[in-house]
>>> print(open('upload-v1.txt').read())   # compact mmCIF, C-alpha atoms
# COMPACT_ATOMS: atom_id res chain seq x y z
CA MET A 1 23.22 6.61 -42.16
CA ARG A 2 20.11 6.26 -44.30
CA LYS A 3 18.55 3.90 -41.70
CA PHE A 4 19.28 6.46 -38.97
CA LEU A 5 17.59 9.22 -40.99
CA VAL A 6 14.49 7.05 -41.33
CA ILE A 7 14.37 6.05 -37.65
CA LEU A 8 15.01 9.53 -36.23
CA PRO A 9 11.80 11.11 -37.58
CA LEU A 10 9.82 8.14 -36.26
CA LEU A 11 11.30 8.63 -32.79
CA LEU A 12 10.61 12.34 -32.88
CA LEU A 13 7.06 11.66 -34.01
CA SER A 14 6.61 9.20 -31.13
CA PHE A 15 7.80 11.70 -28.53
CA ALA A 16 5.75 14.47 -30.13
CA CYS A 17 2.60 12.35 -29.91
CA LYS A 18 3.23 11.68 -26.24
CA PHE A 19 3.78 15.38 -25.61
CA GLU A 20 0.60 16.33 -27.47
CA ASN A 21 -1.41 13.71 -25.60
CA LYS A 22 -0.37 15.17 -22.26
CA LYS A 23 -1.29 18.66 -23.42
CA GLU A 24 -4.70 17.52 -24.64
CA ARG A 25 -5.69 15.83 -21.38
CA LEU A 26 -8.52 17.34 -19.38
CA LYS A 27 -6.96 15.90 -16.20
CA PRO A 28 -3.47 14.70 -15.26
CA LYS A 29 -2.94 10.92 -15.51
CA ILE A 30 -1.57 9.11 -12.46
CA VAL A 31 -0.32 5.55 -12.89
CA ALA A 32 -0.20 3.39 -9.74
CA THR A 33 1.49 0.01 -10.02
CA THR A 34 -1.16 -2.19 -8.35
CA SER A 35 -4.93 -2.19 -7.99
CA ILE A 36 -4.57 -1.85 -4.20
CA LEU A 37 -2.46 1.29 -4.54
CA ALA A 38 -4.59 2.75 -7.33
CA ASP A 39 -7.69 2.52 -5.13
CA GLY A 40 -6.01 4.43 -2.31
CA ILE A 41 -4.77 7.15 -4.64
CA ARG A 42 -8.23 7.57 -6.19
CA ASN A 43 -9.64 8.21 -2.74
CA ILE A 44 -6.97 10.86 -2.13
CA VAL A 45 -7.07 12.81 -5.41
CA GLY A 46 -10.79 12.48 -6.09
CA ASP A 47 -11.83 14.13 -9.37
CA ASN A 48 -8.57 16.02 -9.79
CA ALA A 49 -6.87 13.27 -11.82
CA ASP A 50 -7.46 10.05 -13.73
CA VAL A 51 -5.85 7.19 -11.80
CA VAL A 52 -5.07 3.91 -13.58
CA SER A 53 -3.55 0.68 -12.29
CA LEU A 54 -0.56 -0.64 -14.23
CA MET A 55 -1.26 -4.23 -13.15
CA PRO A 56 -4.77 -5.64 -13.65
CA ALA A 57 -6.69 -7.12 -10.72
CA GLY A 58 -5.59 -10.69 -9.99
CA VAL A 59 -1.97 -10.17 -11.06
CA ASP A 60 0.93 -11.15 -8.79
CA PRO A 61 3.30 -8.12 -8.54
CA HIS A 62 6.21 -10.32 -7.40
CA LEU A 63 6.27 -11.99 -10.80
CA TYR A 64 5.11 -9.10 -12.97
CA LYS A 65 7.21 -8.11 -15.98
CA ALA A 66 6.53 -4.77 -17.63
CA SER A 67 5.50 -4.96 -21.28
CA VAL A 68 6.25 -2.40 -23.98
CA ARG A 69 2.72 -1.05 -23.44
CA ASP A 70 3.44 -0.67 -19.71
CA LEU A 71 6.65 1.25 -20.35
CA ASP A 72 4.78 3.57 -22.67
CA LEU A 73 2.08 4.07 -20.03
CA LEU A 74 4.68 4.87 -17.37
CA GLN A 75 6.58 7.30 -19.58
CA ASN A 76 3.39 9.01 -20.70
CA ALA A 77 2.00 9.43 -17.16
CA ASP A 78 2.06 12.76 -15.38
CA LEU A 79 2.87 10.96 -12.12
CA VAL A 80 3.89 7.38 -11.26
CA ILE A 81 3.23 5.97 -7.79
CA TYR A 82 4.61 2.63 -6.60
CA HIS A 83 4.77 0.55 -3.41
CA GLY A 84 8.53 0.13 -3.06
CA LEU A 85 10.16 -2.34 -0.63
CA PHE A 86 10.86 -4.53 -3.69
CA LEU A 87 7.20 -5.54 -4.04
CA GLU A 88 7.47 -4.79 -7.76
CA GLY A 89 10.70 -6.78 -7.78
CA LYS A 90 11.22 -7.10 -11.53
CA MET A 91 10.48 -3.38 -12.07
CA THR A 92 13.02 -1.92 -9.61
CA GLU A 93 15.49 -0.93 -12.34
CA ILE A 94 12.69 0.68 -14.35
CA PHE A 95 11.82 2.98 -11.45
CA GLU A 96 15.48 3.89 -11.00
CA LYS A 97 15.70 4.95 -14.65
CA LEU A 98 12.34 6.73 -14.63
CA ALA A 99 13.49 8.86 -11.69
CA PHE A 100 15.68 10.88 -14.08
CA SER A 101 12.74 12.00 -16.23
CA GLN A 102 9.50 11.27 -14.42
CA ASN A 103 7.55 12.40 -11.34
CA LEU A 104 7.68 9.42 -8.95
CA ILE A 105 6.30 8.68 -5.49
CA ASN A 106 7.41 5.66 -3.43
CA VAL A 107 4.61 5.37 -0.85
CA SER A 108 6.63 3.26 1.60
CA GLU A 109 9.80 5.38 1.75
CA ASN A 110 8.81 7.30 4.91
CA ILE A 111 7.68 4.34 7.01
CA PRO A 112 10.01 4.05 10.03
CA HIS A 113 12.43 1.17 9.59
CA GLU A 114 11.57 -0.27 13.01
CA LEU A 115 7.97 -0.82 11.86
CA LEU A 116 9.04 -2.94 8.90
CA LEU A 117 9.39 -6.72 9.03
CA SER A 118 12.29 -8.58 7.47
CA SER A 119 13.45 -12.16 6.93
CA GLY A 120 17.12 -11.23 6.52
CA PRO A 121 19.67 -8.39 6.31
CA GLU A 122 19.35 -7.87 2.54
CA ALA A 123 17.27 -4.96 1.25
CA HIS A 124 15.03 -7.27 -0.78
CA SER A 125 14.21 -9.35 2.31
CA VAL A 126 12.03 -6.59 3.79
CA ASP A 127 8.39 -7.66 3.79
CA PRO A 128 6.52 -5.35 1.37
CA HIS A 129 2.97 -6.38 2.36
CA ILE A 130 2.36 -3.35 4.59
CA TRP A 131 -1.28 -2.94 3.54
CA PHE A 132 -2.28 -5.87 5.76
CA ASP A 133 -1.69 -3.58 8.74
CA VAL A 134 -4.31 -0.93 8.07
CA SER A 135 -2.51 1.55 10.33
CA LEU A 136 0.73 1.15 8.33
CA TRP A 137 -1.13 1.51 5.05
CA SER A 138 -2.62 4.72 6.43
CA LEU A 139 0.92 6.04 7.00
CA ALA A 140 1.86 5.15 3.42
CA LEU A 141 -1.17 6.93 1.96
CA ALA A 142 -0.64 9.96 4.19
CA HIS A 143 2.88 10.22 2.74
CA ALA A 144 1.49 9.86 -0.78
CA SER A 145 -0.97 12.65 -0.01
CA ASP A 146 1.81 14.97 1.14
CA GLU A 147 3.86 14.26 -1.98
CA ILE A 148 0.88 14.79 -4.27
CA ILE A 149 0.29 18.20 -2.69
CA LYS A 150 3.94 19.09 -3.31
CA TRP A 151 3.46 18.05 -6.94
CA GLN A 152 0.16 19.96 -7.35
CA PRO A 153 -0.04 22.65 -4.61
CA GLU A 154 -3.34 23.97 -5.98
CA TRP A 155 -4.97 20.67 -4.98
CA LYS A 156 -4.04 21.10 -1.31
CA SER A 157 -7.50 21.85 0.07
CA ALA A 158 -9.30 19.05 -1.79
CA VAL A 159 -6.56 16.45 -1.29
CA SER A 160 -6.24 17.25 2.43
CA THR A 161 -10.01 16.91 2.91
CA ASN A 162 -10.15 13.66 0.94
CA THR A 163 -7.20 12.22 2.84
CA GLU A 164 -8.65 13.08 6.24
CA SER A 165 -11.98 11.46 5.31
CA TYR A 166 -10.38 8.31 3.90
CA LEU A 167 -7.98 7.84 6.81
CA ALA A 168 -10.96 8.10 9.18
CA GLN A 169 -12.61 5.24 7.28
CA LEU A 170 -9.42 3.19 7.52
CA SER A 171 -9.26 3.79 11.27
CA LEU A 172 -12.71 2.21 11.66
CA VAL A 173 -11.59 -0.82 9.61
CA HIS A 174 -8.50 -1.15 11.81
CA GLN A 175 -10.61 -1.18 14.98
CA ASP A 176 -13.00 -3.76 13.50
CA ASN A 177 -10.03 -6.00 12.72
CA ILE A 178 -8.84 -5.79 16.32
CA THR A 179 -12.26 -6.87 17.60
CA LYS A 180 -12.66 -9.84 15.23
CA VAL A 181 -9.13 -11.18 15.62
CA ALA A 182 -9.50 -11.13 19.41
CA GLU A 183 -12.15 -13.84 18.98
CA LEU A 184 -9.73 -15.98 16.97
CA ARG A 185 -7.12 -15.79 19.71
CA LYS A 186 -9.68 -17.01 22.24
CA ALA A 187 -10.28 -20.02 19.99
CA ASN A 188 -6.49 -20.72 19.88
CA GLN A 189 -6.48 -20.45 16.08
CA ALA A 190 -3.72 -19.33 13.70
CA LEU A 191 -3.76 -18.02 10.14
CA ILE A 192 -2.04 -20.34 7.63
CA THR A 193 -1.70 -19.22 4.01
CA ALA A 194 0.04 -20.16 0.78
CA HIS A 195 2.83 -17.57 1.11
CA ASP A 196 4.10 -15.37 3.90
CA ALA A 197 2.05 -12.27 3.07
CA PHE A 198 0.13 -11.78 6.32
CA SER A 199 2.96 -11.13 8.79
CA TYR A 200 1.97 -7.47 9.19
CA PHE A 201 -1.60 -8.59 9.80
CA GLY A 202 -0.41 -10.97 12.49
CA LYS A 203 1.77 -8.35 14.17
CA ALA A 204 -0.86 -5.59 14.05
CA TYR A 205 -3.71 -7.72 15.39
CA ASN A 206 -1.72 -10.15 17.55
CA LEU A 207 -2.50 -13.33 15.63
CA GLU A 208 -0.08 -16.17 14.90
CA VAL A 209 0.53 -16.36 11.14
CA LEU A 210 2.38 -18.98 9.08
CA GLY A 211 3.00 -19.15 5.34
CA LEU A 212 4.06 -22.22 3.37
CA GLN A 213 6.20 -20.11 1.01
CA GLY A 214 8.42 -17.13 1.82
CA LEU A 215 7.83 -13.40 1.36
CA SER A 216 7.95 -13.70 -2.41
CA THR A 217 5.91 -16.12 -4.47
CA LEU A 218 9.17 -16.87 -6.30
CA SER A 219 10.23 -19.06 -3.36
CA GLU A 220 9.34 -22.74 -3.32
CA PRO A 221 8.18 -24.67 -0.24
CA GLY A 222 10.15 -27.76 0.68
CA LEU A 223 9.12 -31.10 2.17
CA ARG A 224 10.43 -30.02 5.57
CA ASP A 225 8.22 -26.90 5.48
CA LEU A 226 5.18 -29.00 4.57
CA THR A 227 5.79 -31.63 7.27
CA GLY A 228 6.34 -29.03 9.98
CA LEU A 229 3.22 -27.10 9.01
CA VAL A 230 1.05 -30.23 9.02
CA SER A 231 2.31 -31.15 12.50
CA PHE A 232 1.53 -27.65 13.77
CA ILE A 233 -2.01 -27.75 12.35
CA VAL A 234 -2.79 -31.14 13.89
CA GLU A 235 -1.35 -30.23 17.31
CA ARG A 236 -3.23 -26.92 17.47
CA ASN A 237 -6.46 -28.28 15.98
CA ILE A 238 -6.51 -25.55 13.34
CA HIS A 239 -9.82 -25.55 11.47
CA ALA A 240 -8.79 -24.17 8.05
CA VAL A 241 -5.95 -23.11 5.81
CA PHE A 242 -6.27 -20.47 3.10
CA ALA A 243 -5.54 -20.26 -0.61
CA GLU A 244 -4.71 -16.91 -2.23
CA GLN A 245 -6.18 -15.44 -5.39
CA THR A 246 -2.88 -14.68 -7.15
CA ILE A 247 -1.15 -17.99 -6.32
CA SER A 248 -1.69 -21.57 -7.49
CA PRO A 249 -3.42 -23.55 -4.72
CA LYS A 250 -1.36 -26.71 -5.34
CA ALA A 251 1.09 -26.17 -2.46
CA ILE A 252 -1.58 -25.39 0.12
CA GLU A 253 -3.68 -28.33 -1.17
CA ALA A 254 -0.72 -30.53 -0.24
CA VAL A 255 -1.07 -29.27 3.34
CA VAL A 256 -4.74 -30.29 3.39
CA ALA A 257 -3.79 -33.74 2.06
CA GLY A 258 -1.02 -34.07 4.65
CA CYS A 259 -3.47 -33.29 7.44
CA ALA A 260 -5.96 -35.83 6.05
CA ASN A 261 -3.20 -38.47 6.18
CA GLN A 262 -3.01 -37.79 9.92
CA ASN A 263 -6.82 -38.04 10.28
CA HIS A 264 -7.22 -34.30 10.75
CA GLU A 265 -9.76 -32.93 8.28
CA ILE A 266 -9.41 -29.21 7.59
CA GLU A 267 -11.11 -26.79 5.22
CA LEU A 268 -9.27 -25.22 2.30
CA ALA A 269 -10.85 -21.78 2.59
CA GLY A 270 -10.65 -18.60 0.56
CA PRO A 271 -9.09 -17.64 -1.69
CA LEU A 272 -7.92 -14.62 0.28
CA TYR A 273 -7.00 -11.43 -1.55
CA THR A 274 -3.34 -10.70 -1.00
CA ASP A 275 -1.39 -8.76 -3.64
CA SER A 276 -4.38 -7.56 -5.66
CA LEU A 277 -7.97 -6.43 -5.28
CA GLY A 278 -10.85 -8.46 -6.62
CA ALA A 279 -12.83 -7.55 -9.73
CA PRO A 280 -14.04 -3.90 -9.70
CA ASP A 281 -17.69 -4.87 -9.17
CA SER A 282 -16.98 -7.46 -6.45
CA PRO A 283 -17.09 -6.97 -2.64
CA ALA A 284 -13.27 -7.02 -2.67
CA GLY A 285 -13.01 -4.49 -5.50
CA THR A 286 -11.76 -1.74 -3.16
CA TYR A 287 -9.06 -1.80 -0.48
CA ILE A 288 -11.58 -1.47 2.34
CA GLY A 289 -13.77 -4.12 0.74
CA MET A 290 -10.77 -6.41 0.31
CA VAL A 291 -9.75 -6.10 3.97
CA ARG A 292 -13.28 -6.66 5.24
CA THR A 293 -13.79 -9.64 2.91
CA ASN A 294 -10.53 -11.28 4.00
CA VAL A 295 -11.20 -10.82 7.70
CA GLN A 296 -14.75 -12.14 7.42
CA VAL A 297 -13.61 -15.25 5.51
CA ILE A 298 -10.81 -15.87 8.03
CA PHE A 299 -13.14 -15.35 10.99
CA GLU A 300 -15.91 -17.61 9.69
CA SER A 301 -13.54 -20.39 8.62
CA LEU A 302 -11.55 -20.53 11.86
CA THR A 303 -14.50 -20.24 14.27
CA GLN A 304 -16.73 -22.88 12.65
>>> encode(input="upload-v1.txt", output="structure tokens")
Amino acid sequence: MRKFLVILPLLLLSFACKFENKKERLKPKIVATTSILADGIRNIVGDNADVVSLMPAGVDPHLYKASVRDLDLLQNADLVIYHGLFLEGKMTEIFEKLAFSQNLINVSENIPHELLLSSGPEAHSVDPHIWFDVSLWSLALAHASDEIIKWQPEWKSAVSTNTESYLAQLSLVHQDNITKVAELRKANQALITAHDAFSYFGKAYNLEVLGLQGLSTLSEPGLRDLTGLVSFIVERNIHAVFAEQTISPKAIEAVVAGCANQNHEIELAGPLYTDSLGAPDSPAGTYIGMVRTNVQVIFESLTQ
């Protein structure tokens, strides 16, 4: 009983501090799970809110485990926005519990099921990497914009204007992707990466895409996968394969070595940005910058 009486005031003090912090804020705090998502939300809300990314740049969301600090950040946020589609796989239960006490937005929940890609019938087998199709990512951010306006109706004019401007920028990026990838098809090239993150990119821009690992970086490539991929590269005279910035390059380096054993020298290019933006001051430090950087690296490496 005495221990309970000591702990109870500490808990009350903790909750009181959180409450006071929210009251003292000049702007609402929005927490987005990844750097990619945080960048999109910043473009939508503008100066109306402070937007922070839960996961630092360079972190793999498939493997991410929330720390005590992260839980505190989520609970103390005015709004939490996440990708969904099991991208934040180890945090799914956290979002389910937060839904009882927190304002939440799942940006992917309104994307038509027929536009999603899947490797199996299970819910977790849906491919979460929708941002590689710029048109799909535009749908996700448009949904986020609508939900933010419901949350803060007084922001409607500013958020609507910001969203319209940003989606127009994304439309230009989408068209540029179409033009560049058309050149790769003429050269009979394919995009080969460390894990199967670029399927939406391949579908949107009509480019053959293969990944050594599955949808999640938790999966491990097998010898059969490696042998089959090497044979494909040699037969098609593929010029390069690509490492990714959040994944160890060891597996894809084995592909390069396998090709060398068959007297087919290829470049290990990249790393490409997949599940995270680059450093804030780098060319890939924004979503648009990330997409343009990836496409330029892919284009230059496969057309050399």
>>> closest_residue(input="upload-v1.txt", among="A:Gly202, A:Pro283, A:Pro153, A:Pro112", to="Phe132 in chain A", atoms="all atoms listed in the file")
A:Gly202
>>> closest_residue(input="upload-v1.txt", among="A:Ile30, A:Val52, A:Ala140, A:Ile298", to="Lys180 in chain A", atoms="all atoms listed in the file")
A:Ile298
>>> atom_distance(input="upload-v1.txt", atom1="CA of Leu167 in chain A", atom2="CA of Ser138 in chain A")
6.2 Å
>>> residues_around(input="upload-v1.txt", residues="Ser276 in chain A", least_positions_apart="5", cutoff="9 Å", atoms="all atoms listed in the file", output="ChimeraX atom specification")
/A:34-36,55-61,245-246,290
>>> write_last_selection(input="upload-v1.txt", atoms="C-alpha atoms", output="PDB file, in the coordinates of the input")
ATOM      1  CA  THR A  34      -1.160  -2.190  -8.350  1.00  0.00           C
ATOM      2  CA  SER A  35      -4.930  -2.190  -7.990  1.00  0.00           C
ATOM      3  CA  ILE A  36      -4.570  -1.850  -4.200  1.00  0.00           C
ATOM      4  CA  MET A  55      -1.260  -4.230 -13.150  1.00  0.00           C
ATOM      5  CA  PRO A  56      -4.770  -5.640 -13.650  1.00  0.00           C
ATOM      6  CA  ALA A  57      -6.690  -7.120 -10.720  1.00  0.00           C
ATOM      7  CA  GLY A  58      -5.590 -10.690  -9.990  1.00  0.00           C
ATOM      8  CA  VAL A  59      -1.970 -10.170 -11.060  1.00  0.00           C
ATOM      9  CA  ASP A  60       0.930 -11.150  -8.790  1.00  0.00           C
ATOM     10  CA  PRO A  61       3.300  -8.120  -8.540  1.00  0.00           C
ATOM     11  CA  GLN A 245      -6.180 -15.440  -5.390  1.00  0.00           C
ATOM     12  CA  THR A 246      -2.880 -14.680  -7.150  1.00  0.00           C
ATOM     13  CA  MET A 290     -10.770  -6.410   0.310  1.00  0.00           C
TER      14      MET A 290
END
>>> closest_residue(input="upload-v1.txt", among="A:Lys27, A:Arg69, A:Arg185, A:His129", to="Tyr273 in chain A", atoms="all atoms listed in the file")
A:His129
